[in-house]
$ cat my_file.cif   # mmCIF, C-alpha atoms and all ligand atoms
data_run
#
loop_
_atom_site.label_atom_id
_atom_site.label_comp_id
_atom_site.auth_asym_id
_atom_site.auth_seq_id
_atom_site.Cartn_x
_atom_site.Cartn_y
_atom_site.Cartn_z
CA MET A 12 0.00 0.00 0.00
CA LEU A 13 1.04 3.61 -0.56
CA MET A 14 0.69 6.48 1.86
CA ASP A 15 -2.25 8.66 1.11
CA THR A 16 -0.28 11.73 0.00
CA TYR A 17 -1.46 12.37 -3.57
CA ALA A 18 -4.79 12.89 -5.29
CA ARG A 19 -3.94 10.77 -8.31
CA PHE A 20 -5.70 10.44 -11.64
CA ASP A 21 -6.61 6.89 -12.56
CA VAL A 22 -4.22 6.58 -15.47
CA ALA A 23 -0.96 4.63 -15.64
CA PHE A 24 1.59 5.56 -18.28
CA LYS A 25 3.85 2.95 -19.73
CA SER A 26 6.11 4.69 -22.21
CA GLY A 27 6.78 7.95 -23.93
CA VAL A 28 8.55 9.50 -26.87
CA GLY A 29 9.15 13.20 -27.45
CA ALA A 30 6.34 15.06 -25.72
CA THR A 31 3.88 12.18 -26.09
CA LEU A 32 3.01 9.60 -23.44
CA PHE A 33 1.27 6.24 -23.87
CA ASP A 34 -0.87 4.56 -21.24
CA GLU A 35 -1.29 0.84 -20.63
CA ASN A 36 -3.95 0.61 -23.31
CA GLY A 37 -1.76 2.29 -25.91
CA ARG A 38 -3.69 5.57 -25.81
CA ASP A 39 -1.56 8.64 -26.50
CA TYR A 40 -1.44 11.87 -24.49
CA VAL A 41 0.28 15.12 -25.42
CA ASP A 42 2.32 16.23 -22.42
CA PHE A 43 2.16 19.93 -21.54
CA ALA A 44 3.28 19.19 -17.97
CA SER A 45 6.56 17.25 -18.34
CA GLY A 46 6.34 15.66 -14.90
CA ILE A 47 6.06 19.16 -13.37
CA GLY A 48 8.87 20.66 -15.40
CA VAL A 49 11.20 17.69 -14.96
CA ASN A 50 11.30 16.08 -18.39
CA SER A 51 12.89 19.09 -20.05
CA LEU A 52 13.89 17.01 -23.09
CA GLY A 53 10.72 14.91 -23.22
CA TYR A 54 10.75 11.12 -23.22
CA ALA A 55 13.24 8.58 -24.60
CA HIS A 56 15.63 11.29 -25.77
CA LYS A 57 18.41 9.42 -27.63
CA LYS A 58 21.32 11.23 -25.98
CA ILE A 59 19.87 10.70 -22.50
CA VAL A 60 19.21 7.02 -23.15
CA LYS A 61 22.77 6.64 -24.41
CA THR A 62 24.26 8.44 -21.41
CA ILE A 63 22.31 6.29 -18.96
CA LYS A 64 23.27 3.06 -20.77
CA ASN A 65 26.95 3.94 -20.84
CA GLN A 66 27.00 5.09 -17.25
CA ALA A 67 25.18 1.96 -16.04
CA LYS A 68 27.80 -0.20 -17.77
CA ASN A 69 30.57 1.55 -15.80
CA LEU A 70 29.22 2.65 -12.45
CA LEU A 71 26.21 4.42 -11.01
CA HIS A 72 27.38 5.43 -7.57
CA THR A 73 30.44 5.50 -5.36
CA SER A 74 29.66 8.02 -2.54
CA ASN A 75 31.21 11.41 -2.06
CA LEU A 76 34.18 9.95 -0.21
CA TYR A 77 35.87 9.75 -3.61
CA ARG A 78 36.21 12.08 -6.57
CA ILE A 79 33.31 12.01 -9.02
CA LYS A 80 34.48 13.41 -12.34
CA PRO A 81 31.06 14.04 -13.95
CA GLN A 82 30.09 15.95 -10.77
CA GLU A 83 33.19 18.17 -11.10
CA LYS A 84 32.38 18.66 -14.77
CA LEU A 85 28.78 19.60 -14.00
CA ALA A 86 29.88 22.18 -11.42
CA LYS A 87 32.18 23.76 -14.02
CA ARG A 88 29.48 23.65 -16.67
CA ILE A 89 26.99 25.44 -14.42
CA SER A 90 29.53 28.20 -13.59
CA LYS A 91 30.27 28.62 -17.27
CA LEU A 92 26.61 28.87 -18.20
CA LEU A 93 26.07 31.41 -15.41
CA GLY A 94 29.10 33.42 -16.50
CA PHE A 95 30.57 33.77 -13.02
CA LYS A 96 32.45 31.68 -10.49
CA THR A 97 30.33 29.48 -8.24
CA TYR A 98 30.74 26.61 -5.79
CA ALA A 99 28.22 23.78 -6.24
CA PHE A 100 26.67 21.25 -3.90
CA PHE A 101 24.65 18.43 -5.45
CA CYS A 102 21.69 16.69 -3.88
CA ASN A 103 18.58 14.89 -5.09
CA SER A 104 15.64 17.28 -5.05
CA GLY A 105 14.49 20.88 -4.94
CA ALA A 106 13.73 20.83 -1.22
CA GLU A 107 17.24 19.56 -0.51
CA ALA A 108 18.77 22.22 -2.75
CA ASN A 109 16.89 24.84 -0.75
CA GLU A 110 17.85 23.20 2.57
CA CYS A 111 21.45 23.62 1.50
CA ALA A 112 20.82 27.28 0.63
CA LEU A 113 19.14 27.90 4.00
CA LYS A 114 22.02 26.26 5.86
CA LEU A 115 24.48 28.38 3.87
CA ALA A 116 22.50 31.46 4.88
CA ARG A 117 22.52 30.39 8.55
CA LYS A 118 26.28 29.90 8.51
CA TYR A 119 26.81 33.17 6.67
CA GLY A 120 24.60 34.92 9.23
CA THR A 121 26.68 33.44 12.02
CA THR A 122 30.12 34.15 10.60
CA HIS A 123 29.79 37.29 8.49
CA PHE A 124 28.35 39.86 10.88
CA LYS A 125 29.45 41.20 14.26
CA GLN A 126 26.24 39.90 15.78
CA LYS A 127 24.74 36.56 14.76
CA ARG A 128 21.86 36.79 12.28
CA TYR A 129 19.51 33.99 11.35
CA GLU A 130 16.39 35.49 9.88
CA ILE A 131 15.45 34.45 6.36
CA ILE A 132 12.76 36.34 4.48
CA SER A 133 10.59 34.90 1.70
CA LEU A 134 7.68 36.16 -0.38
CA GLY A 135 3.96 35.50 0.05
CA ASN A 136 2.63 32.83 -2.34
CA SER A 137 6.06 31.26 -2.68
CA PHE A 138 6.85 27.56 -2.59
CA HIS A 139 10.21 26.20 -1.50
CA GLY A 140 9.63 22.55 -0.61
CA ARG A 141 8.18 19.99 1.78
CA THR A 142 10.86 19.44 4.41
CA LEU A 143 10.26 21.11 7.76
CA ALA A 144 12.60 24.03 7.01
CA THR A 145 11.56 24.59 3.39
CA LEU A 146 7.88 24.35 4.39
CA ARG A 147 8.53 27.13 6.86
CA ALA A 148 10.31 29.15 4.17
CA THR A 149 7.26 28.69 1.93
CA GLY A 150 5.25 31.91 2.14
CA GLN A 151 1.74 30.49 2.30
CA ASP A 152 0.10 29.87 5.65
CA LYS A 153 -1.80 26.85 4.36
CA PHE A 154 1.59 25.09 4.29
CA HIS A 155 2.07 25.59 8.04
CA PRO A 156 -0.70 23.54 9.64
CA GLU A 157 -0.66 22.89 13.37
CA ILE A 158 -0.20 19.12 12.80
CA PHE A 159 3.48 19.67 11.97
CA ALA A 160 4.23 22.34 14.56
CA PRO A 161 6.50 23.47 16.09
CA TYR A 162 8.27 24.85 13.03
CA ILE A 163 11.83 26.10 12.81
CA ASP A 164 12.33 29.61 14.06
CA GLY A 165 13.69 32.49 12.01
CA PHE A 166 11.47 32.76 8.95
CA LYS A 167 9.25 35.62 7.86
CA PHE A 168 7.36 36.33 4.69
CA PHE A 169 5.95 39.48 3.12
CA ASN A 170 3.59 39.84 0.21
CA THR A 171 5.47 42.41 -1.86
CA ILE A 172 9.09 43.19 -2.61
CA ASP A 173 8.55 46.70 -1.24
CA GLU A 174 7.50 45.21 2.08
CA VAL A 175 10.48 42.87 2.04
CA ILE A 176 12.83 45.82 1.51
CA LYS A 177 11.10 47.82 4.25
CA ASN A 178 11.43 44.95 6.72
CA LEU A 179 15.12 44.17 6.19
CA ASN A 180 16.94 44.66 9.46
CA ASP A 181 20.01 43.70 11.47
CA ASN A 182 18.65 40.19 11.95
CA THR A 183 18.23 39.45 8.24
CA ALA A 184 20.73 36.94 6.86
CA ALA A 185 19.09 36.17 3.51
CA VAL A 186 16.08 36.68 1.24
CA ILE A 187 14.81 33.78 -0.87
CA ILE A 188 12.61 34.39 -3.93
CA GLU A 189 11.22 32.58 -6.96
CA LEU A 190 11.50 34.95 -9.92
CA VAL A 191 8.50 33.21 -11.44
CA GLN A 192 6.32 31.68 -8.74
CA GLY A 193 5.61 28.14 -9.87
CA GLU A 194 3.02 26.99 -7.35
CA GLY A 195 1.70 30.47 -6.60
CA GLY A 196 -0.04 31.12 -9.93
CA ILE A 197 2.89 31.41 -12.43
CA LYS A 198 3.53 34.99 -11.44
CA ALA A 199 6.68 36.63 -12.75
CA LEU A 200 8.07 39.25 -10.37
CA GLY A 201 8.60 42.77 -11.72
CA LYS A 202 12.04 43.35 -13.19
CA ASN A 203 12.59 46.77 -11.63
CA GLU A 204 11.55 45.74 -8.15
CA VAL A 205 13.74 42.65 -8.30
CA LYS A 206 16.68 44.83 -9.32
CA ARG A 207 15.92 47.21 -6.49
CA LEU A 208 15.83 44.33 -4.03
CA ALA A 209 19.09 42.89 -5.38
CA ASP A 210 20.82 46.29 -5.06
CA GLU A 211 19.53 46.83 -1.55
CA LEU A 212 20.62 43.36 -0.41
CA LYS A 213 24.05 43.85 -1.90
CA ARG A 214 24.44 47.17 -0.11
CA ARG A 215 23.51 45.57 3.20
CA GLU A 216 25.54 42.39 2.55
CA ILE A 217 22.41 40.25 2.92
CA LEU A 218 22.34 37.13 0.71
CA LEU A 219 19.96 36.91 -2.23
CA ILE A 220 18.85 33.34 -2.95
CA THR A 221 16.89 32.66 -6.12
CA ASP A 222 14.96 29.40 -6.00
CA GLU A 223 15.14 28.35 -9.65
CA VAL A 224 14.03 24.80 -8.98
CA GLN A 225 11.12 25.30 -11.37
CA CYS A 226 12.02 28.40 -13.38
CA GLY A 227 15.69 27.53 -14.00
CA VAL A 228 17.42 25.39 -16.64
CA TYR A 229 16.14 27.23 -19.74
CA ARG A 230 12.49 26.99 -18.67
CA THR A 231 11.98 30.74 -19.15
CA GLY A 232 14.36 31.13 -22.08
CA GLU A 233 17.82 31.59 -20.56
CA PHE A 234 19.89 29.12 -18.53
CA VAL A 235 18.57 30.77 -15.37
CA THR A 236 15.77 33.27 -14.98
CA SER A 237 18.18 35.52 -13.05
CA GLN A 238 19.90 36.18 -16.37
CA LYS A 239 16.60 37.45 -17.77
CA TYR A 240 16.30 39.77 -14.79
CA GLY A 241 19.90 40.96 -15.08
CA ILE A 242 20.82 39.97 -11.52
CA LYS A 243 23.62 37.85 -10.06
CA PRO A 244 22.20 36.14 -6.97
CA ASP A 245 24.56 35.01 -4.22
CA ILE A 246 22.94 31.58 -4.24
CA ILE A 247 20.86 29.78 -6.89
CA THR A 248 19.03 26.49 -6.40
CA PHE A 249 18.12 24.02 -9.14
CA ALA A 250 16.35 20.69 -9.48
CA LYS A 251 13.34 19.84 -11.64
CA GLY A 252 14.60 20.25 -15.22
CA LEU A 253 18.30 19.71 -14.48
CA GLY A 254 18.41 15.92 -14.80
CA GLY A 255 16.17 15.37 -17.82
CA GLY A 256 14.03 13.04 -15.66
CA VAL A 257 16.67 11.70 -13.28
CA SER A 258 16.47 13.15 -9.77
CA ILE A 259 19.09 15.75 -9.01
CA GLY A 260 19.21 19.02 -7.11
CA ALA A 261 21.93 21.64 -6.99
CA CYS A 262 22.74 24.62 -4.83
CA VAL A 263 25.37 26.97 -6.23
CA SER A 264 26.90 29.84 -4.33
CA GLN A 265 29.26 32.65 -5.27
CA LYS A 266 30.90 32.32 -1.87
CA SER A 267 32.37 29.07 -0.59
CA ILE A 268 30.74 29.22 2.84
CA PHE A 269 30.83 25.60 3.99
CA THR A 270 33.89 23.75 5.15
CA LYS A 271 34.36 19.99 5.42
CA GLY A 272 31.66 18.35 7.49
CA ASP A 273 29.15 21.22 7.33
CA HIS A 274 26.86 19.45 4.88
CA GLY A 275 26.60 16.27 2.86
CA SER A 276 24.48 13.75 0.99
CA THR A 277 24.92 10.03 0.34
CA PHE A 278 23.34 9.99 -3.10
CA GLY A 279 23.88 13.62 -4.05
CA GLY A 280 25.78 14.20 -7.28
CA ASN A 281 26.42 10.55 -8.08
CA PHE A 282 27.67 9.29 -11.45
CA LEU A 283 24.25 8.55 -12.87
CA ALA A 284 22.60 11.85 -11.96
CA THR A 285 25.49 14.13 -12.86
CA SER A 286 26.35 12.44 -16.14
CA VAL A 287 22.71 12.72 -17.24
CA ALA A 288 22.59 16.36 -16.09
CA ASN A 289 25.71 17.10 -18.15
CA THR A 290 24.01 15.63 -21.22
CA THR A 291 20.78 17.49 -20.49
CA LEU A 292 22.56 20.85 -20.19
CA LYS A 293 24.62 20.20 -23.31
CA GLU A 294 21.49 19.41 -25.32
CA LEU A 295 19.53 22.35 -23.94
CA LYS A 296 22.40 24.72 -24.67
CA ARG A 297 22.49 23.43 -28.22
CA LEU A 298 18.73 23.94 -28.49
CA LYS A 299 19.12 27.52 -27.25
CA LYS A 300 22.12 28.38 -29.43
CA SER A 301 20.51 27.05 -32.60
CA GLY A 302 17.54 29.37 -32.04
CA GLU A 303 15.17 26.38 -31.82
CA LEU A 304 14.26 26.96 -28.17
CA ASP A 305 13.16 30.55 -28.81
CA LYS A 306 11.25 29.43 -31.88
CA ILE A 307 9.39 26.68 -30.01
CA SER A 308 8.65 29.11 -27.17
CA LYS A 309 7.27 31.67 -29.60
CA ILE A 310 4.98 29.14 -31.25
CA PHE A 311 3.77 27.83 -27.88
CA ASN A 312 3.11 31.35 -26.58
CA ALA A 313 1.19 32.31 -29.71
CA LYS A 314 -1.01 29.22 -29.35
CA LEU A 315 -1.74 30.02 -25.71
CA ASP A 316 -2.53 33.65 -26.60
CA GLU A 317 -4.97 32.36 -29.20
CA LEU A 318 -6.60 29.96 -26.72
CA VAL A 319 -7.03 32.65 -24.05
CA ALA A 320 -8.56 35.03 -26.61
CA LYS A 321 -10.89 32.33 -27.92
CA PHE A 322 -12.35 31.47 -24.51
CA PRO A 323 -12.90 34.79 -22.72
CA LYS A 324 -15.59 33.24 -20.49
CA ILE A 325 -13.00 30.85 -19.08
CA PHE A 326 -9.71 32.75 -19.13
CA ALA A 327 -8.90 36.16 -17.69
CA LYS A 328 -5.33 36.42 -19.00
CA LYS A 329 -2.10 34.66 -19.83
CA GLN A 330 1.00 35.10 -17.68
CA GLY A 331 4.47 33.68 -17.12
CA LEU A 332 7.72 33.66 -19.04
CA GLY A 333 9.11 31.52 -21.85
CA MET A 334 7.79 27.99 -21.48
CA MET A 335 6.63 28.48 -17.89
CA LEU A 336 3.12 29.65 -18.59
CA GLY A 337 -0.18 30.14 -16.85
CA ALA A 338 -3.68 30.94 -18.01
CA VAL A 339 -5.50 32.68 -15.18
CA LEU A 340 -9.11 31.56 -14.89
CA ASN A 341 -12.13 33.70 -14.29
CA ASP A 342 -13.47 33.53 -10.74
CA ASP A 343 -16.30 31.09 -11.38
CA ILE A 344 -14.16 28.52 -13.21
CA ASP A 345 -13.00 25.34 -11.49
CA VAL A 346 -9.38 24.60 -12.36
CA SER A 347 -9.53 20.92 -11.27
CA LYS A 348 -12.37 20.29 -13.66
CA ILE A 349 -10.38 21.72 -16.57
CA VAL A 350 -7.33 19.61 -15.70
CA SER A 351 -9.48 16.42 -15.58
CA LYS A 352 -11.31 17.27 -18.81
CA CYS A 353 -7.97 17.85 -20.53
CA LEU A 354 -6.74 14.44 -19.37
CA GLU A 355 -9.95 12.84 -20.68
CA ASN A 356 -9.20 14.48 -24.01
CA GLY A 357 -5.60 13.26 -24.11
CA VAL A 358 -3.56 16.26 -23.01
CA LEU A 359 -1.72 16.68 -19.71
CA VAL A 360 -1.86 20.09 -18.04
CA LEU A 361 -1.30 21.29 -14.46
CA ARG A 362 -2.84 23.70 -12.04
CA SER A 363 -0.97 26.35 -10.09
CA GLY A 364 -2.66 27.73 -7.02
CA ALA A 365 -6.44 27.84 -7.06
CA LYS A 366 -7.00 29.91 -10.19
CA THR A 367 -4.36 29.16 -12.80
CA LEU A 368 -3.96 26.54 -15.48
CA ARG A 369 -0.22 25.84 -15.71
CA LEU A 370 1.66 24.68 -18.79
CA LEU A 371 5.25 23.39 -18.60
CA PRO A 372 5.84 21.51 -21.86
CA PRO A 373 9.11 19.72 -22.65
CA LEU A 374 11.47 22.37 -24.03
CA ASN A 375 12.01 20.42 -27.26
CA ILE A 376 8.32 19.80 -27.98
CA SER A 377 7.52 19.59 -31.70
CA LYS A 378 5.22 21.95 -33.56
CA LYS A 379 2.97 19.02 -34.37
CA GLU A 380 2.62 18.10 -30.70
CA ILE A 381 1.95 21.74 -29.77
CA ASN A 382 -0.85 21.98 -32.34
CA GLU A 383 -2.36 18.65 -31.31
CA GLY A 384 -2.16 19.51 -27.60
CA PHE A 385 -3.95 22.83 -28.04
CA LEU A 386 -6.58 21.18 -30.23
CA ARG A 387 -7.26 18.72 -27.41
CA ILE A 388 -7.44 21.51 -24.82
CA GLU A 389 -10.03 23.26 -27.00
CA LYS A 390 -12.06 20.05 -27.18
CA ALA A 391 -11.87 19.75 -23.40
CA LEU A 392 -12.99 23.35 -22.89
CA ASN A 393 -15.88 22.98 -25.31
C1 LIG B 1 9.14 21.84 -6.89
C2 LIG B 1 9.74 22.96 -6.19
C3 LIG B 1 10.47 22.79 -5.01
C4 LIG B 1 10.59 21.46 -4.32
O1 LIG B 1 11.25 20.51 -5.10
P1 LIG B 1 11.19 18.95 -4.71
O2 LIG B 1 12.08 18.30 -5.73
O3 LIG B 1 9.76 18.53 -4.82
O4 LIG B 1 11.69 18.82 -3.33
C5 LIG B 1 11.08 23.89 -4.44
N1 LIG B 1 10.98 25.10 -5.00
C6 LIG B 1 10.28 25.32 -6.13
C7 LIG B 1 10.21 26.67 -6.71
C8 LIG B 1 9.62 24.25 -6.76
O5 LIG B 1 8.91 24.47 -7.85
#
$ encode --input "my_file.cif" --output "structure tokens" --more "lines below"
Ligand SMILES: *Cc1c(COP(=O)(O)O)cnc(C)c1O
Amino acid sequence: MLMDTYARFDVAFKSGVGATLFDENGRDYVDFASGIGVNSLGYAHKKIVKTIKNQAKNLLHTSNLYRIKPQEKLAKRISKLLGFKTYAFFCNSGAEANECALKLARKYGTTHFKQKRYEIISLGNSFHGRTLATLRATGQDKFHPEIFAPYIDGFKFFNTIDEVIKNLNDNTAAVIIELVQGEGGIKALGKNEVKRLADELKRREILLITDEVQCGVYRTGEFVTSQKYGIKPDIITFAKGLGGGVSIGACVSQKSIFTKGDHGSTFGGNFLATSVANTTLKELKRLKKSGELDKISKIFNAKLDELVAKFPKIFAKKQGLGMMLGAVLNDDIDVSKIVSKCLENGVLVLRSGAKTLRLLPPLNISKKEINEGFLRIEKALN
């Protein structure tokens, strides 16, 4: 038996190719969800299959007691893609990547200032994970039920960047933000206010952490969304799209704050995960450089614009960035019903918050699959 943690649809997928999944009965589904932004290169991608096969023939795991060359290579690759020097820690999930960032912030707060600081500020409507610390960092009270109390001390959240700036004080060690809020309605933060926050934090020597677990790894058009915003965060966290379907998380920091023994992970950054992540980043970079990624994104955005315009009774507006998109629903529309109807019609979509239909297609989705997927959404809406 499984624990009762998910409200699952009664469908079991068996295989996939490109952005198309097949269930046990051979029925096909166009995937506009990619396992919540994980399958950035879709299913059965040849280069990923090849990497996994080759790696499995040699070794999958050794532990971090020994050097792991693909892990070193991945750390270098990430720095290069960012365009500045960083130190990387690899783990297995987004929550763990954020745990690492929060621990870095705690140590920084202890060692960098005359008086110890440990307060970490987040934004309302944010989502940072399901562990006890990342739940507390998540800026939505519904994630802090009494059943799990007491929570870890030292977290605060504010609903706007202005309020965050106003509430910075001599206890603040770090601010953590999602540049595009993935679970909070696919809301992209304003560029000017983010820049203002980044400048203010720099001036006060408070760390800026961008949680790019969902919006990173080319999802919004650049390697990281920070590049789109023109900021250089002190710490960036990654997970979902980084491993092309294999679980991996990463926390990268401009400062090397930890020393031996401060943090660790048994599985984190093993041969399998980091070799696949290297392949994933190489392929995504190629997709970006060739202009294909921007082309696919443009086509996908145009189709969503069309859909929103065609169903004004259902949709209020489109929002998001690149291939991290939301269609905000009118007040009387039930998002769960739309998601189920889409599944019935053979297209996978997601919800975000209570009022937004979320689309996170594989970044290499074909034009044919885009057209077919939107056709099926229209059928579902009708
Ligand atoms: C999904 C997500 C997480 C948590 O990642 P897990 O791999 O589920 O632990 C954290 N932050 C953001 C922004 C996410 O979208």
$ closest_residue --input "my_file.cif" --among "A:Ala106, A:Val287, A:Leu340, A:Ile132" --to "ligand LIG 1 (chain B)" --atoms "all atoms listed in the file"
A:Ala106
$ residues_near_ligand --input "my_file.cif" --ligand "ligand LIG 1 (chain B)" --cutoff "8 Å" --atoms "all atoms listed in the file" --output "PyMOL selection string"
chain A and resi 47+103-109+137-142+145+189+192-194+222-226+250-251+258+260
$ residues_around --input "my_file.cif" --residues "Leu295 in chain A" --least-positions-apart "3" --cutoff "8 Å" --atoms "all atoms listed in the file" --output "list in words"
Leu52, Tyr229, Thr291, Leu292, Leu298 and Lys299 of chain A
$ atom_distance --input "my_file.cif" --atom1 "CA of Asp181 in chain A" --atom2 "CA of Gln126 in chain A"
8.5 Å
$ residues_near_point --input "my_file.cif" --point "(23.5, 31.3, -1.9)" --cutoff "12 Å" --atoms "all atoms listed in the file" --output "PyMOL selection string"
chain A and resi 97-100+108-120+131+184-188+217-223+243-249+261-269
$ residues_around --input "my_file.cif" --residues "Phe169 in chain A" --least-positions-apart "3" --cutoff "8 Å" --atoms "only C-alpha atoms" --output "list of chain:residue names"
A:Ile132, A:Ser133, A:Leu134, A:Gly135, A:Gly150, A:Ile172, A:Glu174, A:Val175
$ residues_around --input "my_file.cif" --residues "Asn65 in chain A" --least-positions-apart "6" --cutoff "10 Å" --atoms "all atoms listed in the file" --output "PyMOL selection string"
chain A and resi 59+71+283+286
$ closest_residue --input "my_file.cif" --among "A:Ser377, A:Asn289, A:Ser301, A:Ser351" --to "Ile63 in chain A" --atoms "only C-alpha atoms"
A:Asn289
$ closest_residue --input "my_file.cif" --among "A:Phe311, A:Phe234, A:Phe95, A:Tyr240" --to "Gly252 in chain A" --atoms "only C-alpha atoms"
A:Phe234
$ atom_distance --input "my_file.cif" --atom1 "CA of Ala18 in chain A" --atom2 "CA of Leu253 in chain A"
25.8 Å
$ residues_around --input "my_file.cif" --residues "Gly27 in chain A" --least-positions-apart "2" --cutoff "7 Å" --atoms "only C-alpha atoms" --output "PyMOL selection string"
chain A and resi 29+31-33+54-55
$ atom_distance --input "my_file.cif" --atom1 "CA of Lys87 in chain A" --atom2 "CA of Glu211 in chain A"
29.1 Å
